[in-house]
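The next block holds one structure in the form of structure tokens; read it before the comments.
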Amino acid sequence: MDSTAKIKILNHLLETEIAAIEFYQIHAASIAEEDIAEGIRAIIPAEKSHAINLRTRIRELGGKPVDHSAGAVGVGRKMGQESRQQGTLGMLRLELDNEQQAIKDYATPVAEILDDFETIEMLEEQLFDEMRHAKWLKKKILALEGKR
């Protein structure tokens with residue numbers, strides 16, 4: 001995979017991280033259950049770190065990171081605002097859907113990049129974070145549904 005293709009993938013991941021930061025911030029402020037809100041607040045720094053890592057790697061590869069103030073912020077805010085009306089369970093389900101998509105989005109380039117171990121290692125670390133976030137969200141969803 002050439003640098004142009006990697007930069008395109010990394011910018012896509014960056015956009016999803018920026019959107020996630022926005023809706024997690026809205027959800028953390030909207031969730032009534034303090035333990036769940038605190039858990040959501042704990043995820044935000046990891047997502048911010050992911051965005052920083054992606055921006056750095058894009059620049060190292062000679063690319064230009066997507067504009068932080070571009071569409072991803074608006075997408076994240078819209079998702080966060082709209083999902084607030086669904087209550088805690090609805091917000092957690094949206095977050096889980098996004099984490100599960102992030103897992104897929106991170107896993108694909110890890111599998112496809114052959115010659116850039118620095119990028120692969122960064123993506124693997126971030127993939128593991130997304131997997132941990134999804135696991136936590138699943139547990140909270142099951143608890144709220146009374147299944148655990």
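Convention: chains lettered A, B, ... in structure tokens order; per-chain residue numbering from 1; ligands numbered from 1 as shown.
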
Would you tabulate, counting only C-alpha atoms, all residues of range 20-61 of chain A that have an atom at most 10 Å from an atom of range 128-142 of chain A, showing the closest pair of atoms and their distance in Å to one decimal, sorted by chain then ascending number, as a tab-separated table?
residue	atom	partner	partner_atom	distance
A:Asp35	CA	A:Lys140	CA	10.0
A:Ile36	CA	A:Lys140	CA	7.6
A:Gly39	CA	A:Trp136	CA	8.6
A:Ile40	CA	A:Leu137	CA	9.1
A:Ala42	CA	A:His133	CA	9.8
A:Ile43	CA	A:His133	CA	7.2
A:Ala46	CA	A:Asp129	CA	7.5
A:Glu47	CA	A:Asp129	CA	8.8
A:His50	CA	A:Asp129	CA	9.2

I need the residues from that last selection saved to file as a short mmCIF file (atom, residue, chain, number, x, y, z; two decimals), in the first residue's frame (with all heavy atoms), if you can.
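And here's part-v5.cif as it stands now:
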data_model
loop_
_atom_site.label_atom_id
_atom_site.label_comp_id
_atom_site.auth_asym_id
_atom_site.auth_seq_id
_atom_site.Cartn_x
_atom_site.Cartn_y
_atom_site.Cartn_z
N ASP A 35 -22.13 6.91 37.29
CA ASP A 35 -21.08 5.93 37.02
C ASP A 35 -20.89 5.71 35.52
O ASP A 35 -19.76 5.56 35.05
CB ASP A 35 -21.36 4.60 37.73
CG ASP A 35 -22.63 3.91 37.24
OD1 ASP A 35 -23.65 4.60 37.03
OD2 ASP A 35 -22.59 2.67 37.07
N ILE A 36 -21.97 5.73 34.78
CA ILE A 36 -21.87 5.57 33.33
C ILE A 36 -21.29 6.83 32.70
O ILE A 36 -20.41 6.76 31.84
CB ILE A 36 -23.24 5.21 32.72
CG1 ILE A 36 -23.71 3.84 33.24
CG2 ILE A 36 -23.18 5.21 31.19
CD1 ILE A 36 -25.09 3.44 32.82
N GLY A 39 -17.65 6.81 33.16
CA GLY A 39 -17.02 5.88 32.22
C GLY A 39 -16.87 6.48 30.84
O GLY A 39 -15.84 6.29 30.17
N ILE A 40 -17.89 7.19 30.41
CA ILE A 40 -17.84 7.86 29.10
C ILE A 40 -16.76 8.94 29.12
O ILE A 40 -15.97 9.06 28.18
CB ILE A 40 -19.21 8.45 28.72
CG1 ILE A 40 -20.27 7.35 28.59
CG2 ILE A 40 -19.12 9.29 27.44
CD1 ILE A 40 -19.95 6.26 27.61
N ALA A 42 -14.14 8.91 30.78
CA ALA A 42 -12.84 8.24 30.79
C ALA A 42 -12.41 7.80 29.39
O ALA A 42 -11.21 7.63 29.13
CB ALA A 42 -12.88 7.04 31.73
N ILE A 43 -13.35 7.61 28.49
CA ILE A 43 -13.04 7.20 27.11
C ILE A 43 -12.53 8.39 26.29
O ILE A 43 -11.69 8.22 25.39
CB ILE A 43 -14.29 6.56 26.45
CG1 ILE A 43 -14.60 5.21 27.11
CG2 ILE A 43 -14.10 6.41 24.94
CD1 ILE A 43 -15.91 4.58 26.66
N ALA A 46 -8.74 8.90 25.54
CA ALA A 46 -8.20 7.90 24.61
C ALA A 46 -8.54 8.29 23.18
O ALA A 46 -7.69 8.19 22.28
CB ALA A 46 -8.75 6.51 24.93
N GLU A 47 -9.76 8.74 22.94
CA GLU A 47 -10.16 9.15 21.59
C GLU A 47 -9.36 10.38 21.14
O GLU A 47 -8.95 10.47 19.98
CB GLU A 47 -11.66 9.41 21.52
CG GLU A 47 -12.55 8.25 21.95
CD GLU A 47 -12.46 7.01 21.08
OE1 GLU A 47 -11.82 7.04 20.01
OE2 GLU A 47 -13.06 5.99 21.46
N HIS A 50 -5.99 9.17 20.19
CA HIS A 50 -6.04 8.53 18.87
C HIS A 50 -5.95 9.59 17.77
O HIS A 50 -5.22 9.41 16.79
CB HIS A 50 -7.34 7.74 18.70
CG HIS A 50 -7.45 6.57 19.61
ND1 HIS A 50 -8.60 5.82 19.69
CD2 HIS A 50 -6.56 5.98 20.46
CE1 HIS A 50 -8.43 4.84 20.56
NE2 HIS A 50 -7.20 4.92 21.04
#

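Distances here use only C-alpha atoms; by that measure, the residue among A:Gly146, A:Glu95, A:Gln101, A:Gly63 closest to Asp2 in chain A is A:Gly63.
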
For Ile120 in chain A, find every residue with an atom within 10 Å (counting only C-alpha atoms), except residues of its own chain fewer than 6 positions away, and show them as an NGL selection string.
:A and (106-107 or 109-114 or 126)

Would you export the selected residues with N, CA and C atoms as a PDB file, in the first residue's frame, please?
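Heads up, here's the output in out23.pdb:
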ATOM      1  N   TYR A 106     -10.170  -0.084  11.913  1.00  0.00           N
ATOM      2  CA  TYR A 106      -8.764  -0.211  12.307  1.00  0.00           C
ATOM      3  C   TYR A 106      -8.184  -1.554  11.877  1.00  0.00           C
ATOM      4  N   ALA A 107      -8.980  -2.613  11.950  1.00  0.00           N
ATOM      5  CA  ALA A 107      -8.467  -3.952  11.644  1.00  0.00           C
ATOM      6  C   ALA A 107      -8.085  -4.095  10.167  1.00  0.00           C
ATOM      7  N   PRO A 109      -6.765  -1.956   7.783  1.00  0.00           N
ATOM      8  CA  PRO A 109      -5.408  -1.570   7.382  1.00  0.00           C
ATOM      9  C   PRO A 109      -4.323  -2.349   8.131  1.00  0.00           C
ATOM     10  N   VAL A 110      -4.606  -2.779   9.360  1.00  0.00           N
ATOM     11  CA  VAL A 110      -3.627  -3.612  10.061  1.00  0.00           C
ATOM     12  C   VAL A 110      -3.360  -4.867   9.233  1.00  0.00           C
ATOM     13  N   ALA A 111      -4.405  -5.429   8.652  1.00  0.00           N
ATOM     14  CA  ALA A 111      -4.258  -6.631   7.836  1.00  0.00           C
ATOM     15  C   ALA A 111      -3.640  -6.339   6.472  1.00  0.00           C
ATOM     16  N   GLU A 112      -3.912  -5.167   5.912  1.00  0.00           N
ATOM     17  CA  GLU A 112      -3.527  -4.895   4.525  1.00  0.00           C
ATOM     18  C   GLU A 112      -2.177  -4.207   4.346  1.00  0.00           C
ATOM     19  N   ILE A 113      -1.726  -3.448   5.348  1.00  0.00           N
ATOM     20  CA  ILE A 113      -0.439  -2.762   5.222  1.00  0.00           C
ATOM     21  C   ILE A 113       0.672  -3.790   5.427  1.00  0.00           C
ATOM     22  N   LEU A 114       1.579  -3.868   4.462  1.00  0.00           N
ATOM     23  CA  LEU A 114       2.632  -4.877   4.514  1.00  0.00           C
ATOM     24  C   LEU A 114       3.986  -4.340   4.959  1.00  0.00           C
ATOM     25  N   GLN A 126      -4.431   1.359  18.906  1.00  0.00           N
ATOM     26  CA  GLN A 126      -5.713   2.051  18.919  1.00  0.00           C
ATOM     27  C   GLN A 126      -6.861   1.054  18.742  1.00  0.00           C
TER      28      GLN A 126
END

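Compared by their closest atoms to Ile103 in chain A, and using only C-alpha atoms, the residues A:Glu22, A:Glu145, A:Glu125, A:Glu60 rank with A:Glu125 nearest.
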
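Within 12 Å of Lys8 in chain A, once only C-alpha atoms are used and residues closer than 4 positions along the same chain are dropped, the contacting residues are Met1, Asp2, Ser3, Thr4, His12, Leu13, Leu14, Glu15, Leu54, Arg55, Arg57, Ile58, Arg59, Leu61, Gly62, Gly63, Lys64, Pro65, Val66 and Pro109 of chain A.
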
I'd like to know which residues of chain A are alpha helix (DSSP H) (by DSSP, run on the backbone); could you write them as a PyMOL selection string?
chain A and resi 3-30+34-60+71-84+87-112+117-144

Compare A:Thr56, A:Gln25, A:Thr16, A:Ser30 by their minimum atom-to-atom distance to Gly90 in chain A, counting only C-alpha atoms, and give me the closest one.
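Answer, going by the shortest atom-to-atom distance: A:Ser30.
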
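Taking CA of Ala51 in chain A and CA of Glu17 in chain A as endpoints, the distance between them is 5.9 Å.
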
So the first atom is CA of Leu127 in chain A and the second is CA of Glu99 in chain A; what is the distance between them in Å, to one decimal place?
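Separation of CA of Leu127 in chain A and CA of Glu99 in chain A: 9.6 Å.
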